file input.txt (compact mmCIF, C-alpha atoms)
# COMPACT_ATOMS: atom_id res chain seq x y z
CA MET Z 1 173.09 203.31 112.03
CA THR Z 2 174.15 200.42 109.87
CA ARG Z 3 177.60 198.91 109.78
CA ALA Z 4 178.07 200.33 106.31
CA GLU Z 5 177.48 203.87 107.53
CA LYS Z 6 179.96 203.45 110.34
CA GLY Z 7 182.82 201.90 108.41
CA GLY Z 8 182.06 202.48 104.74
CA THR Z 9 182.19 198.75 104.04
CA GLY Z 10 179.63 195.97 104.07
CA PRO Z 11 176.75 195.33 101.74
CA ALA Z 12 175.45 198.21 99.67
CA ARG Z 13 172.11 198.26 101.45
CA SER Z 14 170.38 200.78 103.59
CA ASP Z 15 168.15 198.20 105.26
CA ASP Z 16 170.73 195.66 106.35
CA SER Z 17 170.48 196.38 110.06
CA ASN Z 18 168.89 192.97 110.70
CA VAL Z 19 171.77 191.13 109.05
CA PRO Z 20 174.63 190.29 111.39
CA PRO Z 21 177.68 191.92 109.76
CA VAL Z 22 179.55 188.65 110.10
CA LEU Z 23 177.55 187.00 107.29
CA PRO Z 24 178.59 189.15 104.29
CA ARG Z 25 182.14 188.90 105.59
CA LEU Z 26 181.79 185.13 105.86
CA ILE Z 27 180.55 185.00 102.25
CA SER Z 28 183.55 187.05 101.12
CA LEU Z 29 185.91 184.74 103.05
CA THR Z 30 184.23 181.60 101.66
CA LEU Z 31 184.73 182.85 98.11
CA ARG Z 32 188.35 183.74 98.80
CA TRP Z 33 189.21 180.45 100.52
CA GLY Z 34 187.28 178.36 98.01
CA VAL Z 35 189.14 179.89 95.07
CA GLY Z 36 192.49 179.64 96.92
CA ALA Z 37 192.01 175.98 97.85
CA SER Z 38 190.83 174.96 94.39
CA ALA Z 39 193.64 176.87 92.63
CA THR Z 40 196.19 175.11 94.86
CA LEU Z 41 194.72 171.67 94.08
CA ILE Z 42 194.49 172.46 90.35
CA LEU Z 43 198.13 173.63 90.22
CA LEU Z 44 199.23 170.49 92.08
CA GLY Z 45 197.21 168.21 89.80
CA LEU Z 46 198.44 170.01 86.68
CA GLY Z 47 202.05 169.53 87.82
CA LEU Z 48 201.44 165.80 88.36
CA LEU Z 49 199.72 165.54 84.97
CA VAL Z 50 202.55 167.27 83.05
CA LEU Z 51 205.17 165.09 84.77
CA GLY Z 52 203.19 161.93 83.97
CA PRO Z 53 203.05 160.03 80.65
CA ALA Z 54 202.51 162.26 77.57
CA ALA Z 55 199.74 160.01 76.22
CA SER Z 56 197.60 160.34 79.34
CA PHE Z 57 198.14 164.10 79.27
CA ALA Z 58 196.90 164.28 75.68
CA ASN Z 59 193.83 162.21 76.62
CA ALA Z 60 193.02 164.52 79.53
CA THR Z 61 192.91 167.48 77.12
CA VAL Z 62 190.46 165.86 74.70
CA GLN Z 63 187.48 164.94 76.83
CA GLY Z 64 186.34 164.21 80.37
CA VAL Z 65 185.52 160.82 81.80
CA PRO Z 66 182.61 159.82 84.03
CA PHE Z 67 183.76 159.49 87.63
CA SER Z 68 182.44 158.65 91.09
CA LEU Z 69 183.15 160.65 94.23
CA SER Z 70 184.59 157.57 95.98
CA GLY Z 71 186.81 156.96 92.94
CA VAL Z 72 188.09 160.54 93.15
CA ALA Z 73 188.83 160.14 96.88
CA LEU Z 74 190.74 156.91 96.25
CA GLY Z 75 192.63 158.46 93.32
CA VAL Z 76 193.63 161.51 95.39
CA ALA Z 77 194.95 159.18 98.11
CA HIS Z 78 197.11 157.49 95.47
CA GLY Z 79 198.28 160.82 94.01
CA GLN Z 80 196.49 160.35 90.67
CA ALA Z 81 196.77 163.61 88.72
CA ALA Z 82 193.31 163.46 87.13
CA ASP Z 83 191.63 162.85 90.50
CA VAL Z 84 193.52 165.68 92.22
CA LEU Z 85 192.32 167.93 89.38
CA LEU Z 86 188.73 166.68 89.71
CA LEU Z 87 188.84 167.42 93.45
CA GLY Z 88 190.16 170.92 92.69
CA PHE Z 89 187.30 171.57 90.28
CA LEU Z 90 184.81 170.08 92.74
CA VAL Z 91 185.95 172.61 95.36
CA LEU Z 92 185.71 175.39 92.75
CA ILE Z 93 182.14 174.45 91.77
CA ALA Z 94 181.11 173.99 95.41
CA THR Z 95 182.25 177.52 96.34
CA PRO Z 96 179.25 179.39 94.83
CA LEU Z 97 176.94 176.69 96.26
CA VAL Z 98 178.20 177.45 99.77
CA ARG Z 99 177.81 181.15 98.97
CA VAL Z 100 174.11 180.62 98.16
CA MET Z 101 173.64 178.60 101.38
CA LEU Z 102 175.19 181.43 103.43
CA SER Z 103 172.99 183.96 101.61
CA ALA Z 104 169.94 181.90 102.60
CA ALA Z 105 171.11 181.97 106.21
CA MET Z 106 171.65 185.72 105.93
CA PHE Z 107 168.12 186.42 104.67
CA ALA Z 108 166.62 183.98 107.18
CA THR Z 109 168.40 185.74 110.06
CA ALA Z 110 167.05 189.06 108.83
CA ARG Z 111 163.54 187.47 108.84
CA ASP Z 112 163.22 188.38 105.17
CA ARG Z 113 160.79 185.67 104.12
CA PRO Z 114 160.48 186.44 100.35
CA PHE Z 115 164.24 186.50 99.93
CA THR Z 116 164.78 183.39 102.03
CA ILE Z 117 162.34 181.56 99.72
CA LEU Z 118 164.00 183.05 96.61
CA THR Z 119 167.47 181.97 97.77
CA LEU Z 120 166.29 178.48 98.70
CA SER Z 121 164.72 178.13 95.23
CA VAL Z 122 168.08 178.94 93.64
CA LEU Z 123 169.66 176.29 95.88
CA LEU Z 124 166.97 173.80 94.87
CA LEU Z 125 167.55 174.54 91.17
CA LEU Z 126 171.28 173.97 91.61
CA GLY Z 127 170.43 170.64 93.28
CA VAL Z 128 168.32 169.73 90.23
CA SER Z 129 171.34 170.59 88.08
CA VAL Z 130 173.48 168.07 90.02
CA LEU Z 131 170.79 165.40 89.63
CA LEU Z 132 170.53 166.08 85.88
CA GLY Z 133 174.27 165.62 85.51
CA ALA Z 134 174.60 162.65 87.87
CA SER Z 135 171.59 160.68 86.59
CA PRO Z 136 172.39 157.95 84.06
CA MET J 1 198.02 164.76 69.60
CA LEU J 2 198.64 168.21 71.01
CA VAL J 3 198.87 170.93 68.41
CA PHE J 4 199.24 174.69 68.20
CA LEU J 5 198.36 176.16 64.78
CA SER J 6 198.83 172.60 63.42
CA PHE J 7 202.39 172.27 64.86
CA ALA J 8 202.85 169.29 67.19
CA ILE J 9 203.77 170.46 70.72
CA SER J 10 204.78 168.82 74.03
CA PRO J 11 202.51 168.76 77.11
CA LEU J 12 204.64 171.45 78.77
CA GLU J 13 204.41 173.69 75.69
CA PHE J 14 200.66 173.06 75.54
CA VAL J 15 200.20 174.09 79.18
CA GLY J 16 202.45 177.14 78.74
CA LEU J 17 200.75 178.43 75.58
CA LEU J 18 197.21 177.74 76.77
CA THR J 19 197.91 179.41 80.14
CA LEU J 20 199.31 182.48 78.34
CA ILE J 21 196.20 182.79 76.19
CA ALA J 22 193.99 182.34 79.25
CA VAL J 23 195.98 185.05 81.09
CA ALA J 24 195.39 187.39 78.14
CA ALA J 25 191.66 186.58 78.13
CA GLY J 26 191.39 187.04 81.92
CA LEU J 27 193.34 190.30 81.79
CA THR J 28 191.29 191.81 78.96
CA GLY J 29 188.09 190.55 80.59
CA ALA J 30 188.90 192.15 83.94
CA LEU J 31 189.92 195.45 82.32
CA LEU J 32 186.53 195.60 80.63
CA GLY J 33 184.54 194.15 83.52
CA LEU J 34 183.82 190.80 81.84
CA GLY J 35 184.85 187.20 82.37
CA GLY J 36 186.81 186.80 79.15
CA GLY J 37 185.03 183.66 77.97
CA VAL J 38 183.89 185.30 74.71
CA PHE J 39 187.42 185.28 73.34
CA LEU J 40 188.68 182.20 75.16
CA VAL J 41 186.49 179.60 73.46
CA PRO J 42 187.18 180.78 69.85
CA ALA J 43 190.93 180.99 70.69
CA MET J 44 191.00 177.42 72.05
CA VAL J 45 189.11 176.05 69.07
CA VAL J 46 191.09 177.85 66.38
CA LEU J 47 194.62 177.92 67.83
CA PHE J 48 194.70 174.49 69.50
CA GLY J 49 192.16 172.59 67.41
CA ILE J 50 190.27 171.74 70.61
CA ASP J 51 186.75 170.30 70.33
CA ILE J 52 184.32 173.19 70.83
CA GLN J 53 182.25 171.37 73.47
CA ALA J 54 185.36 170.62 75.58
CA ALA J 55 186.47 174.26 75.18
CA ILE J 56 183.05 175.52 76.30
CA VAL J 57 183.08 173.38 79.47
CA ALA J 58 186.64 174.46 80.36
CA SER J 59 185.74 178.12 79.84
CA LEU J 60 182.54 177.83 81.89
CA VAL J 61 184.41 176.34 84.86
CA SER J 62 187.14 179.00 84.67
CA VAL J 63 184.45 181.69 84.82
CA ILE J 64 183.43 180.42 88.30
CA GLY J 65 186.95 181.06 89.63
CA THR J 66 187.19 184.55 88.17
CA SER J 67 183.77 185.55 89.42
CA SER J 68 184.29 184.19 92.93
CA GLY J 69 187.70 185.84 93.20
CA SER J 70 186.51 189.29 92.18
CA ALA J 71 183.19 189.02 94.03
CA ALA J 72 185.08 188.54 97.30
CA THR J 73 186.73 191.93 96.74
CA TYR J 74 183.54 193.69 95.62
CA LEU J 75 181.68 192.38 98.67
CA ARG J 76 184.25 193.92 100.98
CA GLU J 77 184.03 197.20 99.08
CA GLY J 78 180.25 197.17 99.54
CA VAL J 79 179.38 197.58 95.85
CA CYS J 80 177.54 194.24 95.32
CA ASP J 81 173.77 194.43 95.53
CA LEU J 82 173.03 191.04 97.11
CA ARG J 83 169.25 191.43 96.72
CA VAL J 84 169.25 192.32 93.03
CA ALA J 85 171.82 189.53 92.48
CA MET J 86 169.71 186.90 94.23
CA PHE J 87 166.56 188.08 92.43
CA LEU J 88 168.14 187.81 88.96
CA GLU J 89 169.95 184.58 89.78
CA VAL J 90 166.64 182.71 89.77
CA ALA J 91 166.44 183.49 86.03
CA THR J 92 170.14 183.05 85.22
CA VAL J 93 170.25 179.64 86.95
CA VAL J 94 167.19 178.35 85.07
CA GLY J 95 168.76 179.65 81.84
CA GLY J 96 172.15 178.14 82.66
CA ILE J 97 170.69 174.67 83.25
CA ALA J 98 168.58 174.92 80.06
CA GLY J 99 171.59 176.00 78.00
CA ALA J 100 173.76 173.14 79.25
CA LEU J 101 170.95 170.61 78.71
CA VAL J 102 170.47 171.75 75.10
CA ALA J 103 174.24 171.49 74.53
CA VAL J 104 174.52 167.92 75.88
CA THR J 105 171.36 166.59 74.20
CA LEU J 106 170.25 168.34 71.00
CA LEU J 107 173.68 169.70 70.07
CA ALA J 108 175.78 166.81 71.44
CA SER J 109 177.15 165.81 68.05
CA ARG J 110 176.68 169.13 66.24
CA PRO J 111 179.80 171.19 66.98
CA GLN J 112 179.21 173.32 63.89
CA VAL J 113 175.86 174.52 65.30
CA LEU J 114 177.59 175.54 68.55
CA ALA J 115 180.20 177.43 66.52
CA LEU J 116 177.46 179.20 64.56
CA ALA J 117 175.57 180.02 67.78
CA PHE J 118 178.64 182.00 68.83
CA VAL J 119 178.33 184.36 65.86
CA PRO J 120 175.19 186.36 66.83
CA VAL J 121 176.15 186.29 70.53
CA VAL J 122 179.64 187.64 69.86
CA LEU J 123 178.28 190.25 67.42
CA LEU J 124 175.66 191.36 69.95
CA ALA J 125 178.39 191.61 72.60
CA ALA J 126 180.45 193.75 70.18
CA VAL J 127 177.51 196.08 69.52
CA LEU J 128 176.71 196.41 73.25
CA MET J 129 180.37 197.08 74.01
CA TYR J 130 180.70 199.63 71.18
CA ARG J 131 177.59 201.55 72.19
CA SER J 132 178.01 201.15 75.93
CA ARG J 133 177.95 204.25 78.00
CA ALA J 134 176.90 204.27 81.58
CA SER J 135 173.45 205.78 81.69
CA ASP J 136 172.82 207.89 84.75
CA VAL J 137 170.29 206.50 87.15
CA SER J 138 166.96 208.26 87.21
CA SER J 139 165.88 209.58 90.59
CA ASN J 140 162.23 209.00 89.76
CA PRO J 141 161.95 205.88 87.56
CA PRO J 142 158.62 204.18 86.68
CA HIS J 143 157.08 202.50 89.69
CA ASP J 144 157.67 198.71 89.78
CA PRO J 145 155.49 196.67 92.17
CA TRP J 146 157.95 193.72 92.37
CA ALA J 147 160.86 196.02 93.17
CA ASP J 148 158.79 197.60 95.96
CA ARG J 149 157.53 194.32 97.35
CA LEU J 150 160.99 192.72 97.38
CA GLN J 151 162.66 195.95 98.53
CA LEU J 152 165.16 195.91 95.69
CA HIS J 153 165.93 199.63 95.96
CA GLY J 154 169.36 200.32 97.32
CA ARG J 155 172.16 202.77 97.80
CA TYR J 156 175.94 202.79 97.83
CA PHE J 157 178.73 205.03 99.02
CA ASP J 158 180.22 206.97 96.12
CA THR J 159 183.89 207.33 97.08
CA ALA J 160 184.51 210.08 94.48
CA ARG J 161 181.65 212.28 95.68
CA LYS J 162 181.98 211.08 99.28
CA ALA J 163 178.23 210.72 99.52
CA TRP J 164 175.54 208.06 99.62
CA VAL J 165 173.82 207.57 96.28
CA GLU J 166 170.31 206.14 96.38
CA TYR J 167 168.80 204.26 93.45
CA ARG J 168 165.27 203.02 92.85
CA VAL J 169 165.05 199.74 90.95
CA THR J 170 162.50 199.40 88.16
CA GLY J 171 161.96 197.14 85.10
CA THR J 172 162.19 193.87 87.01
CA LYS J 173 160.42 191.90 84.25
CA PRO J 174 162.68 192.90 81.33
CA GLY J 175 165.59 192.48 83.77
CA LEU J 176 164.55 188.89 84.50
CA LEU J 177 164.13 188.16 80.78
CA VAL J 178 167.61 189.39 79.87
CA ALA J 179 169.04 187.53 82.89
CA GLY J 180 167.41 184.33 81.63
CA PHE J 181 168.92 184.92 78.18
CA ALA J 182 172.36 185.57 79.73
CA GLY J 183 171.98 182.27 81.63
CA ILE J 184 171.13 180.28 78.48
CA VAL J 185 174.10 181.76 76.63
CA SER J 186 176.33 180.98 79.62
CA GLY J 187 175.32 177.31 79.84
CA LEU J 188 175.34 176.81 76.08
CA LEU J 189 178.52 178.67 75.11
CA GLY J 190 180.60 178.68 78.30
CA ILE J 191 180.71 182.43 78.88
CA GLY J 192 179.73 184.45 81.94
CA GLY J 193 176.97 186.51 80.37
CA GLY J 194 178.04 189.75 82.08
CA VAL J 195 178.14 191.48 78.71
CA PHE J 196 174.33 191.23 78.67
CA ALA J 197 173.55 191.43 82.39
CA VAL J 198 175.39 194.71 83.04
CA PRO J 199 173.59 196.79 80.37
CA ALA J 200 170.28 195.16 81.38
CA MET J 201 170.68 196.13 85.03
CA ASN J 202 171.89 199.61 84.11
CA SER J 203 169.43 200.50 81.32
CA PHE J 204 166.28 198.56 82.25
CA MET J 205 166.51 198.32 86.02
CA ASN J 206 168.04 201.72 86.84
CA VAL J 207 170.99 200.24 88.76
CA PRO J 208 174.13 202.46 88.71
CA VAL J 209 176.74 200.97 86.38
CA ARG J 210 179.33 200.53 89.15
CA ILE J 211 176.89 198.45 91.20
CA ALA J 212 175.63 196.65 88.07
CA SER J 213 179.09 195.47 87.01
CA ALA J 214 180.08 194.32 90.53
CA THR J 215 176.71 192.60 91.00
CA SER J 216 176.96 190.92 87.59
CA ASN J 217 180.42 189.62 88.49
CA PHE J 218 179.01 188.26 91.73
CA MET J 219 176.07 186.57 89.94
CA ILE J 220 178.20 184.97 87.22
CA GLY J 221 179.71 182.45 89.66
CA VAL J 222 176.30 180.98 90.45
CA THR J 223 175.08 181.23 86.83
CA ALA J 224 178.14 179.38 85.52
CA THR J 225 177.84 176.81 88.32
CA ALA J 226 174.32 175.91 87.18
CA GLY J 227 175.58 174.85 83.75
CA ALA J 228 178.92 173.53 85.02
CA LEU J 229 177.23 171.12 87.46
CA VAL J 230 175.42 169.42 84.57
CA TYR J 231 178.62 169.05 82.50
CA PHE J 232 180.79 168.12 85.49
CA PHE J 233 178.64 165.29 86.81
CA LEU J 234 178.11 163.95 83.28
CA GLY J 235 181.92 163.62 83.12
CA HIS J 236 182.36 166.21 80.36
CA LEU J 237 185.17 168.17 82.01
CA ALA J 238 188.53 167.60 80.25
CA VAL J 239 190.76 168.28 83.26
CA GLY J 240 193.98 168.68 81.26
CA LEU J 241 192.32 171.47 79.31
CA ALA J 242 190.37 173.13 82.10
CA ALA J 243 193.34 173.32 84.53
CA PRO J 244 195.64 175.65 82.52
CA VAL J 245 192.58 177.68 81.45
CA ALA J 246 191.30 178.14 85.02
CA ILE J 247 194.74 179.05 86.41
CA GLY J 248 195.49 181.42 83.52
CA VAL J 249 192.16 183.25 83.59
CA LEU J 250 192.35 183.61 87.38
CA ALA J 251 195.90 185.04 87.22
CA GLY J 252 194.97 187.35 84.34
CA SER J 253 191.88 188.70 86.06
CA PHE J 254 193.79 189.36 89.29
CA ALA J 255 196.36 191.36 87.35
CA GLY J 256 193.60 193.09 85.39
CA ALA J 257 191.78 194.16 88.55
CA ARG J 258 194.97 195.88 89.76
CA LEU J 259 195.54 197.62 86.41
CA HIS J 260 191.92 198.69 86.14
CA ARG J 261 192.38 202.25 87.30
CA THR J 262 195.25 203.12 84.98
CA ALA J 263 194.14 201.52 81.69
CA PRO J 264 192.82 203.82 78.93
CA ALA J 265 189.25 202.59 78.58
CA ALA J 266 188.48 203.94 75.09
CA THR J 267 191.49 202.30 73.39
CA LEU J 268 190.73 199.04 75.14
CA LYS J 269 187.13 199.15 74.06
CA GLY J 270 188.13 199.57 70.42
CA LEU J 271 190.58 196.67 70.68
CA PHE J 272 187.95 194.52 72.35
CA VAL J 273 185.37 195.20 69.65
CA ALA J 274 187.97 194.33 66.99
CA ILE J 275 188.79 191.01 68.73
CA LEU J 276 185.08 190.20 69.05
CA LEU J 277 184.52 190.83 65.34
CA LEU J 278 187.49 188.59 64.54
CA ALA J 279 186.06 185.90 66.83
CA ALA J 280 182.69 186.16 65.04
CA VAL J 281 184.32 185.73 61.60
CA VAL J 282 186.41 182.78 62.82
CA MET J 283 183.41 181.00 64.35
CA LEU J 284 181.36 181.66 61.20
CA LEU J 285 184.08 180.10 59.01
CA ARG J 286 184.32 177.22 61.44
CA GLY J 287 180.57 176.64 61.63
CA THR J 288 180.14 176.70 57.87
CA GLY J 289 183.04 174.28 57.39
CA VAL J 290 185.29 176.73 55.49
CA LEU J 291 187.86 176.58 58.31
CA HIS J 292 188.82 173.29 59.93
call {"tool": "encode", "arguments": {"input": "input.txt", "output": "structure tokens"}}
result
Amino acid sequence: MTRAEKGGTGPARSDDSNVPPVLPRLISLTLRWGVGASATLILLGLGLLVLGPAASFANATVQGVPFSLSGVALGVAHGQAADVLLLGFLVLIATPLVRVMLSAAMFATARDRPFTILTLSVLLLLGVSVLLGASP
Amino acid sequence: MLVFLSFAISPLEFVGLLTLIAVAAGLTGALLGLGGGVFLVPAMVVLFGIDIQAAIVASLVSVIGTSSGSAATYLREGVCDLRVAMFLEVATVVGGIAGALVAVTLLASRPQVLALAFVPVVLLAAVLMYRSRASDVSSNPPHDPWADRLQLHGRYFDTARKAWVEYRVTGTKPGLLVAGFAGIVSGLLGIGGGVFAVPAMNSFMNVPVRIASATSNFMIGVTATAGALVYFFLGHLAVGLAAPVAIGVLAGSFAGARLHRTAPAATLKGLFVAILLLAAVVMLLRGTGVLH
């Protein structure tokens, strides 16, 4: 008997008995916490941006600027609105990435080789996407 | 300068108005089982005079938040098909990257082409929405070797009938094709692509509509991330624009998910089709230079 049959929750699968029930729950929690953390950072950054100079607000609505991760970290430490916002969006974008990593772990634990490979390919493609954006 | 319908506005007014519009888009999107990006981008461009590329990136990022938020709930309810999602994500991610790459290279200085690209997509979405009716799953669909090999067939607990409903997945190839198309549209135009993925899963792949819409919502986060990563690391994210949009859409979709059971679906559908047609006209006028 699967977890789903016992409790009526869990993944909509009949063949999930190999998957530890903790993993789908962990994915759900990751999504929830990721969205919560990023929304908090974005609200904070937006508050700082609105309270700051009107000209820099107008600029921030027109276009983005290239940034470095170390620059963002330094800016957050100094309470720079744009960097707090960038960190918030970074957390938001990272949330589905973590979700895919956990899915890979889930399929690997279930010894589902085709799906482990499929999930890792998605992860690889997302890595390519980062490289395409970050390359000069 | 910040404007709303060509009136100069303050930063606080800008944030307030943009958030309100994003709440409306998120709310309508959630009521209809979509992300809301299809109306958000035209609204930003027309009402606030925002550059279409910046609007697309802001919308794409907001879609990640909406998808992740609702997917968390669907996962707990056990209506997400993780296997079908992962299978189709291979195609949506490739499409999403391709769409974003085309936008930042070939169309980098051609905003009018992007506006025109919206027209057929929005019209197609309107047609799909107008004609949409959940087709019942067939108990004996054509045999599909990929679906068998990857064990894509599934089942879910129907709370209304209090019984397990089994479904056999078929049509994996047309499913992958439509998923790839949904990905391209997502990366290029900053929308989730659920408006194409849900009917594809339901009609071609024999997935029950309830599972298809939850699974599509779950997939959209990863699809949008593929395109968003390209834009984000290129430094194309206008944070002052994306922040009110993301917060508004998230708030609207949370409210929409709670209202979902009470809203009259037919009236909403009519309203949605009307808004989509309006968006198509506006983007056509914009793309052809009639409207500035």
call {"tool": "interface_residues", "arguments": {"input": "input.txt", "of": "chain Z", "to": "chain J", "cutoff": "7 Å", "atoms": "only C-alpha atoms", "output": "number ranges by chain"}}
result
Z: 9-14, 28-29, 31-32, 35, 39, 42, 46, 50, 54, 57-58, 60-67, 82, 85-86, 92-93, 96, 114, 119, 122, 126, 129-130, 132-134
call {"tool": "residues_near_point", "arguments": {"input": "input.txt", "point": "(168.9, 184.4, 108.1)", "cutoff": "12 Å", "atoms": "only C-alpha atoms", "output": "PDB file with C-alpha atoms, keeping the file's coordinate frame"}}
result
ATOM      1  CA  ASP Z  16     170.730 195.660 106.350  1.00  0.00           C
ATOM      2  CA  ASN Z  18     168.890 192.970 110.700  1.00  0.00           C
ATOM      3  CA  VAL Z  19     171.770 191.130 109.050  1.00  0.00           C
ATOM      4  CA  PRO Z  20     174.630 190.290 111.390  1.00  0.00           C
ATOM      5  CA  PRO Z  21     177.680 191.920 109.760  1.00  0.00           C
ATOM      6  CA  VAL Z  22     179.550 188.650 110.100  1.00  0.00           C
ATOM      7  CA  LEU Z  23     177.550 187.000 107.290  1.00  0.00           C
ATOM      8  CA  PRO Z  24     178.590 189.150 104.290  1.00  0.00           C
ATOM      9  CA  VAL Z 100     174.110 180.620  98.160  1.00  0.00           C
ATOM     10  CA  MET Z 101     173.640 178.600 101.380  1.00  0.00           C
ATOM     11  CA  LEU Z 102     175.190 181.430 103.430  1.00  0.00           C
ATOM     12  CA  SER Z 103     172.990 183.960 101.610  1.00  0.00           C
ATOM     13  CA  ALA Z 104     169.940 181.900 102.600  1.00  0.00           C
ATOM     14  CA  ALA Z 105     171.110 181.970 106.210  1.00  0.00           C
ATOM     15  CA  MET Z 106     171.650 185.720 105.930  1.00  0.00           C
ATOM     16  CA  PHE Z 107     168.120 186.420 104.670  1.00  0.00           C
ATOM     17  CA  ALA Z 108     166.620 183.980 107.180  1.00  0.00           C
ATOM     18  CA  THR Z 109     168.400 185.740 110.060  1.00  0.00           C
ATOM     19  CA  ALA Z 110     167.050 189.060 108.830  1.00  0.00           C
ATOM     20  CA  ARG Z 111     163.540 187.470 108.840  1.00  0.00           C
ATOM     21  CA  ASP Z 112     163.220 188.380 105.170  1.00  0.00           C
ATOM     22  CA  ARG Z 113     160.790 185.670 104.120  1.00  0.00           C
ATOM     23  CA  PRO Z 114     160.480 186.440 100.350  1.00  0.00           C
ATOM     24  CA  PHE Z 115     164.240 186.500  99.930  1.00  0.00           C
ATOM     25  CA  THR Z 116     164.780 183.390 102.030  1.00  0.00           C
ATOM     26  CA  ILE Z 117     162.340 181.560  99.720  1.00  0.00           C
ATOM     27  CA  THR Z 119     167.470 181.970  97.770  1.00  0.00           C
ATOM     28  CA  LEU Z 120     166.290 178.480  98.700  1.00  0.00           C
TER      29      LEU Z 120
END
call {"tool": "atom_distance", "arguments": {"input": "input.txt", "atom1": "CA of Val84 (chain Z)", "atom2": "CA of Trp33 (chain Z)"}}
result
17.5 Å
call {"tool": "atom_distance", "arguments": {"input": "input.txt", "atom1": "CA of Ile52 (chain J)", "atom2": "CA of Val185 (chain J)"}}
result
14.5 Å
call {"tool": "atom_distance", "arguments": {"input": "input.txt", "atom1": "CA of Ala280 (chain J)", "atom2": "CA of Leu177 (chain J)"}}
result
24.4 Å
call {"tool": "decode", "arguments": {"input": "input.txt", "residues": "region 36-87 of chain Z", "atoms": "C-alpha atoms", "output": "PDB file, in the first residue's frame"}}
result
ATOM      1  CA  GLY Z  36       8.179  33.117   0.940  1.00  0.00           C
ATOM      2  CA  ALA Z  37      11.837  34.121   1.302  1.00  0.00           C
ATOM      3  CA  SER Z  38      12.011  35.787  -2.104  1.00  0.00           C
ATOM      4  CA  ALA Z  39       8.725  37.675  -1.591  1.00  0.00           C
ATOM      5  CA  THR Z  40      10.028  38.994   1.744  1.00  0.00           C
ATOM      6  CA  LEU Z  41      13.295  40.184   0.167  1.00  0.00           C
ATOM      7  CA  ILE Z  42      11.464  41.725  -2.809  1.00  0.00           C
ATOM      8  CA  LEU Z  43       9.040  43.607  -0.525  1.00  0.00           C
ATOM      9  CA  LEU Z  44      11.959  44.864   1.566  1.00  0.00           C
ATOM     10  CA  GLY Z  45      13.932  45.954  -1.495  1.00  0.00           C
ATOM     11  CA  LEU Z  46      10.879  47.607  -3.041  1.00  0.00           C
ATOM     12  CA  GLY Z  47      10.316  49.589   0.167  1.00  0.00           C
ATOM     13  CA  LEU Z  48      13.950  50.758   0.140  1.00  0.00           C
ATOM     14  CA  LEU Z  49      13.702  51.655  -3.554  1.00  0.00           C
ATOM     15  CA  VAL Z  50      10.505  53.725  -3.160  1.00  0.00           C
ATOM     16  CA  LEU Z  51      11.974  55.579  -0.161  1.00  0.00           C
ATOM     17  CA  GLY Z  52      15.183  56.307  -2.090  1.00  0.00           C
ATOM     18  CA  PRO Z  53      15.781  59.021  -4.717  1.00  0.00           C
ATOM     19  CA  ALA Z  54      13.037  59.281  -7.385  1.00  0.00           C
ATOM     20  CA  ALA Z  55      15.571  59.333 -10.233  1.00  0.00           C
ATOM     21  CA  SER Z  56      17.134  56.006  -9.248  1.00  0.00           C
ATOM     22  CA  PHE Z  57      13.648  54.517  -8.922  1.00  0.00           C
ATOM     23  CA  ALA Z  58      12.766  55.618 -12.454  1.00  0.00           C
ATOM     24  CA  ASN Z  59      16.029  54.106 -13.749  1.00  0.00           C
ATOM     25  CA  ALA Z  60      15.300  50.785 -12.052  1.00  0.00           C
ATOM     26  CA  THR Z  61      11.980  50.576 -13.922  1.00  0.00           C
ATOM     27  CA  VAL Z  62      13.497  51.124 -17.370  1.00  0.00           C
ATOM     28  CA  GLN Z  63      16.121  48.428 -17.698  1.00  0.00           C
ATOM     29  CA  GLY Z  64      18.351  46.058 -15.763  1.00  0.00           C
ATOM     30  CA  VAL Z  65      22.066  46.414 -15.242  1.00  0.00           C
ATOM     31  CA  PRO Z  66      24.772  43.753 -15.444  1.00  0.00           C
ATOM     32  CA  PHE Z  67      25.814  42.653 -11.968  1.00  0.00           C
ATOM     33  CA  SER Z  68      28.186  40.272 -10.200  1.00  0.00           C
ATOM     34  CA  LEU Z  69      27.225  37.981  -7.342  1.00  0.00           C
ATOM     35  CA  SER Z  70      29.934  39.498  -5.103  1.00  0.00           C
ATOM     36  CA  GLY Z  71      28.619  42.969  -5.967  1.00  0.00           C
ATOM     37  CA  VAL Z  72      25.113  41.902  -4.950  1.00  0.00           C
ATOM     38  CA  ALA Z  73      26.413  40.503  -1.634  1.00  0.00           C
ATOM     39  CA  LEU Z  74      28.286  43.741  -0.899  1.00  0.00           C
ATOM     40  CA  GLY Z  75      25.258  45.845  -1.882  1.00  0.00           C
ATOM     41  CA  VAL Z  76      22.931  43.819   0.361  1.00  0.00           C
ATOM     42  CA  ALA Z  77      25.351  44.331   3.275  1.00  0.00           C
ATOM     43  CA  HIS Z  78      25.126  48.086   2.656  1.00  0.00           C
ATOM     44  CA  GLY Z  79      21.325  48.009   2.340  1.00  0.00           C
ATOM     45  CA  GLN Z  80      21.298  48.932  -1.367  1.00  0.00           C
ATOM     46  CA  ALA Z  81      17.721  48.574  -2.640  1.00  0.00           C
ATOM     47  CA  ALA Z  82      18.625  47.253  -6.103  1.00  0.00           C
ATOM     48  CA  ASP Z  83      20.906  44.559  -4.637  1.00  0.00           C
ATOM     49  CA  VAL Z  84      18.311  43.431  -2.081  1.00  0.00           C
ATOM     50  CA  LEU Z  85      15.876  43.097  -4.993  1.00  0.00           C
ATOM     51  CA  LEU Z  86      18.416  41.175  -7.095  1.00  0.00           C
ATOM     52  CA  LEU Z  87      18.976  38.786  -4.172  1.00  0.00           C
TER      53      LEU Z  87
END
